[in-house]
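Participant: So that we are looking at the same thing, I have put the structure below in structure tokens.
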Amino acid sequence: MEEWIDKGWISATDASQIFAGYEEVLIQARVLTPTDYDVLLNAFENYWIDKTDRDVTGKNLSNDKSHARRIIHWLEDHCPDLNEMTPATVKAYLLHLKEHDYADNTVKNRLNIFRQLIDQAVILVMIDDNPARKVNLKQINVRLRGVAQERRVLKVEEIPNIFEALQRHPNLITGCLPTVVHLGLYAGLRNAEMCWLRWDAIDWSSRIITIKESLCEETGELWKPKDYELRRLDVKQNCIDYLAREQERHNKAGFETPFVMPGGSARHPEYRTRPLHQDAPQKAFAKMVKAEGLDPAITVYCFRHTYATMALRAGVDLRTLQKRMGHSDIKTTMEYLHYIEPEEHPMDKLPY
């Protein structure tokens, strides 16, 4: 066929239309460029600059590039070779966001960025077509409605076992894995909130942690929670005591970092002044869970679920818990009532 086209006997367009499968054969024969996520992120940034008249150093570029970087970090773990990406890969990423309580508008925005990112991969010949263009949010929402999403809430007796297991893994994320557990169980923080938490956001005397915007002075990156996620959290004294010991450990190790959980590692100490990447806590925790033979359903996000459930069982009212959790809609908070009904027999408190 290629010889006929070269001799002018038939055009490439006619060949594709007349001979079924010819275009697919061409695609299969094409040599793809190896996946390089650093090159892809750079191409995305250049694309973004070209398509907009906004200041390239402005907030919009910073946010979109940050979201693209997070997508790439997820892909590096779940799809190292872009040529193996399918619509199912994209759906898995969106379900990951939905299961971690990301708002619908946020998920929609991430899907748009995912599509634009993979468009650049097509241009760079890292992948033949864009599977993200074949996925829509309706498919994800239908799947979520059709499958009950059971949240894993820890039993009280499981918590000491986890703290004991943590002692056997002192080097994970620079020894900060116990900090992840403390901030989840005692403050109900999301992964990103943990990673961007600075020491100056802790009021030691009043035992209050403030979730607010956080700046990495080295890179200039600004992390800013949504309005309803800005909040002040009272925490128990044992959590404050732990954090004080942790700060002392950091000082002795010479980390000199403004972040409660510093980035970098023993091999890359130059990143200590940056925040830990938000995917790092779960990666490290999953590694510990596997090594210890614990229930693989236990994730870092389970500590947030446990915090909310235990607070309701302790008598904290819904409106107060809504503010502590940073939920925009109280219906989200009300979902935790499901765990109260079978566990605590609240009707036993009837006066008759």
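Identifiers in the structure tokens: chain A, B, ... in order shown; residue index from 1 per chain; ligand index from 1 in order shown.
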Show which residues sit within 10 Å of Cys195 of chain A, as a list in words. Count only C-alpha atoms, and ignore same-chain residues fewer than 4 positions away.
Facilitator: Val180, Leu189, Arg190, Asn191, Ser214, Phe259, Val260, Met261, Pro262, Gly263, Arg274, Pro275, Leu276, His277, Gln278, Asp279, Ala280 and Pro281 of chain A
Participant: Write a file of the just-selected residues containing N, CA and C atoms, as a short mmCIF file (atom, residue, chain, number, x, y, z; two decimals), in the first residue's frame.
Facilitator:
```
data_model
loop_
_atom_site.label_atom_id
_atom_site.label_comp_id
_atom_site.auth_asym_id
_atom_site.auth_seq_id
_atom_site.Cartn_x
_atom_site.Cartn_y
_atom_site.Cartn_z
N VAL A 180 2.20 11.66 60.52
CA VAL A 180 1.04 11.48 59.65
C VAL A 180 -0.12 10.90 60.45
N LEU A 189 -6.65 15.77 59.51
CA LEU A 189 -6.13 16.50 58.36
C LEU A 189 -6.12 15.66 57.09
N ARG A 190 -6.32 16.31 55.97
CA ARG A 190 -6.14 15.70 54.67
C ARG A 190 -4.63 15.60 54.38
N ASN A 191 -4.27 14.77 53.39
CA ASN A 191 -2.85 14.57 53.09
C ASN A 191 -2.15 15.88 52.75
N SER A 214 -0.07 28.35 52.82
CA SER A 214 1.30 28.02 53.21
C SER A 214 2.21 28.24 52.02
N PHE A 259 8.57 23.34 57.70
CA PHE A 259 7.44 22.42 57.58
C PHE A 259 7.51 21.31 58.63
N VAL A 260 6.36 20.95 59.15
CA VAL A 260 6.28 19.89 60.15
C VAL A 260 6.78 18.57 59.57
N MET A 261 6.51 18.35 58.27
CA MET A 261 7.03 17.16 57.59
C MET A 261 7.87 17.63 56.41
N PRO A 262 9.20 17.65 56.56
CA PRO A 262 10.05 18.17 55.49
C PRO A 262 10.15 17.23 54.30
N GLY A 263 10.40 17.80 53.14
CA GLY A 263 10.62 17.00 51.95
C GLY A 263 12.03 16.46 51.94
N ARG A 274 11.60 22.20 51.58
CA ARG A 274 10.36 22.10 50.82
C ARG A 274 9.37 21.19 51.54
N PRO A 275 8.08 21.32 51.25
CA PRO A 275 7.11 20.43 51.89
C PRO A 275 7.18 19.03 51.30
N LEU A 276 6.80 18.07 52.09
CA LEU A 276 6.71 16.70 51.62
C LEU A 276 5.62 16.62 50.55
N HIS A 277 5.86 15.84 49.49
CA HIS A 277 4.83 15.70 48.46
C HIS A 277 3.62 15.00 49.05
N GLN A 278 2.42 15.43 48.66
CA GLN A 278 1.20 14.94 49.30
C GLN A 278 0.93 13.46 49.06
N ASP A 279 1.57 12.85 48.07
CA ASP A 279 1.39 11.42 47.86
C ASP A 279 2.34 10.58 48.72
N ALA A 280 3.37 11.22 49.27
CA ALA A 280 4.40 10.48 50.02
C ALA A 280 3.86 9.80 51.28
N PRO A 281 2.99 10.45 52.08
CA PRO A 281 2.50 9.77 53.28
C PRO A 281 1.82 8.43 52.99
#
```
Participant: Applying 12 Å and only C-alpha atoms, which residues near Ser205 of chain A remain after dropping the ones on its own chain fewer than 6 positions away? List them as a ChimeraX atom specification.
Facilitator: /A:234-237,240-241,244
Participant: Can you write out the residues you just picked, keeping N, CA and C atoms, as a compact mmCIF listing (two decimals), in the first residue's frame?
Facilitator:
```txt
# COMPACT_ATOMS: atom_id res chain seq x y z
N ASP A 234 -8.62 22.46 67.63
CA ASP A 234 -8.09 22.17 68.96
C ASP A 234 -7.66 20.70 69.00
N VAL A 235 -6.49 20.44 69.54
CA VAL A 235 -5.98 19.06 69.59
C VAL A 235 -5.62 18.71 71.02
N LYS A 236 -5.57 17.43 71.30
CA LYS A 236 -5.29 16.95 72.65
C LYS A 236 -3.83 17.21 73.03
N GLN A 237 -3.57 17.25 74.32
CA GLN A 237 -2.24 17.56 74.82
C GLN A 237 -1.21 16.53 74.37
N ILE A 240 0.08 17.50 71.02
CA ILE A 240 0.99 18.64 71.12
C ILE A 240 2.34 18.21 71.67
N ASP A 241 2.32 17.35 72.69
CA ASP A 241 3.58 16.86 73.27
C ASP A 241 4.39 16.10 72.23
N ALA A 244 5.96 18.56 69.79
CA ALA A 244 7.08 19.27 70.40
C ALA A 244 8.33 18.40 70.36
```
Participant: Extract the full set of alpha helix (DSSP H) residues from segment 126-337 of chain A according to DSSP on the backbone, and format it as a PyMOL selection string.
Facilitator: chain A and resi 137-146+158-166+177-187+191-195+237-253+280-292+300-313+318-325+330-334
Participant: Report as a ChimeraX atom specification all protein, DNA and RNA residues lying within 10 Å of Thr33 of chain A, evaluated on only C-alpha atoms, omitting residues in the same chain fewer than 6 positions from it.
Facilitator: /A:82-83,121-122,124-127
Participant: Do you know which residues are at most 10 Å from Pro87 of chain A counting only C-alpha atoms, after dropping those on the same chain fewer than 3 positions away, and could you put them as a list in words?
Facilitator: Val90, Lys91, Ala92, Asn130, Pro131, Ala132, Arg133, Lys134, Val135 and Asn136 of chain A
Participant: Deliver the residues from the most recent selection as a file, using C-alpha atoms, as a short mmCIF file (atom, residue, chain, number, x, y, z; two decimals), in the first residue's frame.
Facilitator:
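Output (again_33.cif):
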```
data_model
loop_
_atom_site.label_atom_id
_atom_site.label_comp_id
_atom_site.auth_asym_id
_atom_site.auth_seq_id
_atom_site.Cartn_x
_atom_site.Cartn_y
_atom_site.Cartn_z
CA VAL A 90 -8.15 7.82 33.63
CA LYS A 91 -11.27 6.56 35.42
CA ALA A 92 -9.09 5.10 38.17
CA ASN A 130 -5.76 10.55 24.21
CA PRO A 131 -7.81 8.14 26.38
CA ALA A 132 -8.82 11.02 28.66
CA ARG A 133 -10.93 12.40 25.79
CA LYS A 134 -13.04 9.23 25.97
CA VAL A 135 -13.91 9.65 29.67
CA ASN A 136 -16.55 11.88 31.23
#
```
Participant: Have a look at A:Asn238, A:Thr299, A:Gln322, A:Thr257 and name the one nearest to His100 of chain A; count only C-alpha atoms.
Facilitator: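 Nearest candidate to His100 of chain A out of A:Asn238, A:Thr299, A:Gln322, A:Thr257: A:Thr299.
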Participant: For the atom pair atom CA of Ser62 of chain A and atom CA of Tyr47 of chain A, what is the interatomic distance in Å to one decimal place?
Facilitator: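 According to the coordinates, atom CA of Ser62 of chain A and atom CA of Tyr47 of chain A are separated by 13.6 Å.
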Participant: Contacts of Pro296 of chain A at 12 Å or less, counting only C-alpha atoms, minus same-chain residues fewer than 3 places along, as a list in words?
Facilitator: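 The filter keeps Arg152, Gln282, Phe285, Ala286, Lys287, Met288, Val289, Lys290, Ala291, Glu292, Gly293, Thr299, Val300 and Cys302 of chain A.
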Participant: Separation of atom CA of Leu183 of chain A and atom CA of Cys239 of chain A, in Å?
Facilitator: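 Spanning atom CA of Leu183 of chain A to atom CA of Cys239 of chain A is a straight-line distance of 8.0 Å.
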Participant: For Cys216 of chain A, list every protein, DNA or RNA residue within 9 Å, evaluated using only C-alpha atoms, and leave out those in the same chain fewer than 4 positions away; present the list as a PyMOL selection string.
Facilitator: chain A and resi 196+220-223+258-259+273-275
Participant: Mind running segment 68-180 of chain A against segment 266-269 of chain A at 10 Å and telling me each contacting residue's nearest atom pair with the distance in Å (one decimal), counting only C-alpha atoms, chain and number ascending, as a tab-separated table?
Facilitator:
```
residue	atom	partner	partner_atom	distance
A:Asn171	CA	A:Ala266	CA	9.6
A:Ile173	CA	A:Ala266	CA	9.7
A:Thr174	CA	A:Ala266	CA	7.7
```
Participant: Write the residues of the preceding selection, restricted to N, CA, C and O atoms, as a compact mmCIF listing (two decimals), in the first residue's frame.
Facilitator:
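File produced: part.txt:
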```txt
# COMPACT_ATOMS: atom_id res chain seq x y z
N ASN A 171 12.59 4.96 59.57
CA ASN A 171 13.24 5.74 58.50
C ASN A 171 12.30 6.17 57.38
O ASN A 171 12.72 6.90 56.48
N ILE A 173 9.88 8.22 55.21
CA ILE A 173 9.71 9.67 55.04
C ILE A 173 10.39 10.45 56.19
O ILE A 173 9.78 11.25 56.88
N THR A 174 11.67 10.15 56.35
CA THR A 174 12.53 10.85 57.31
C THR A 174 12.00 10.74 58.73
O THR A 174 12.10 11.66 59.53
```
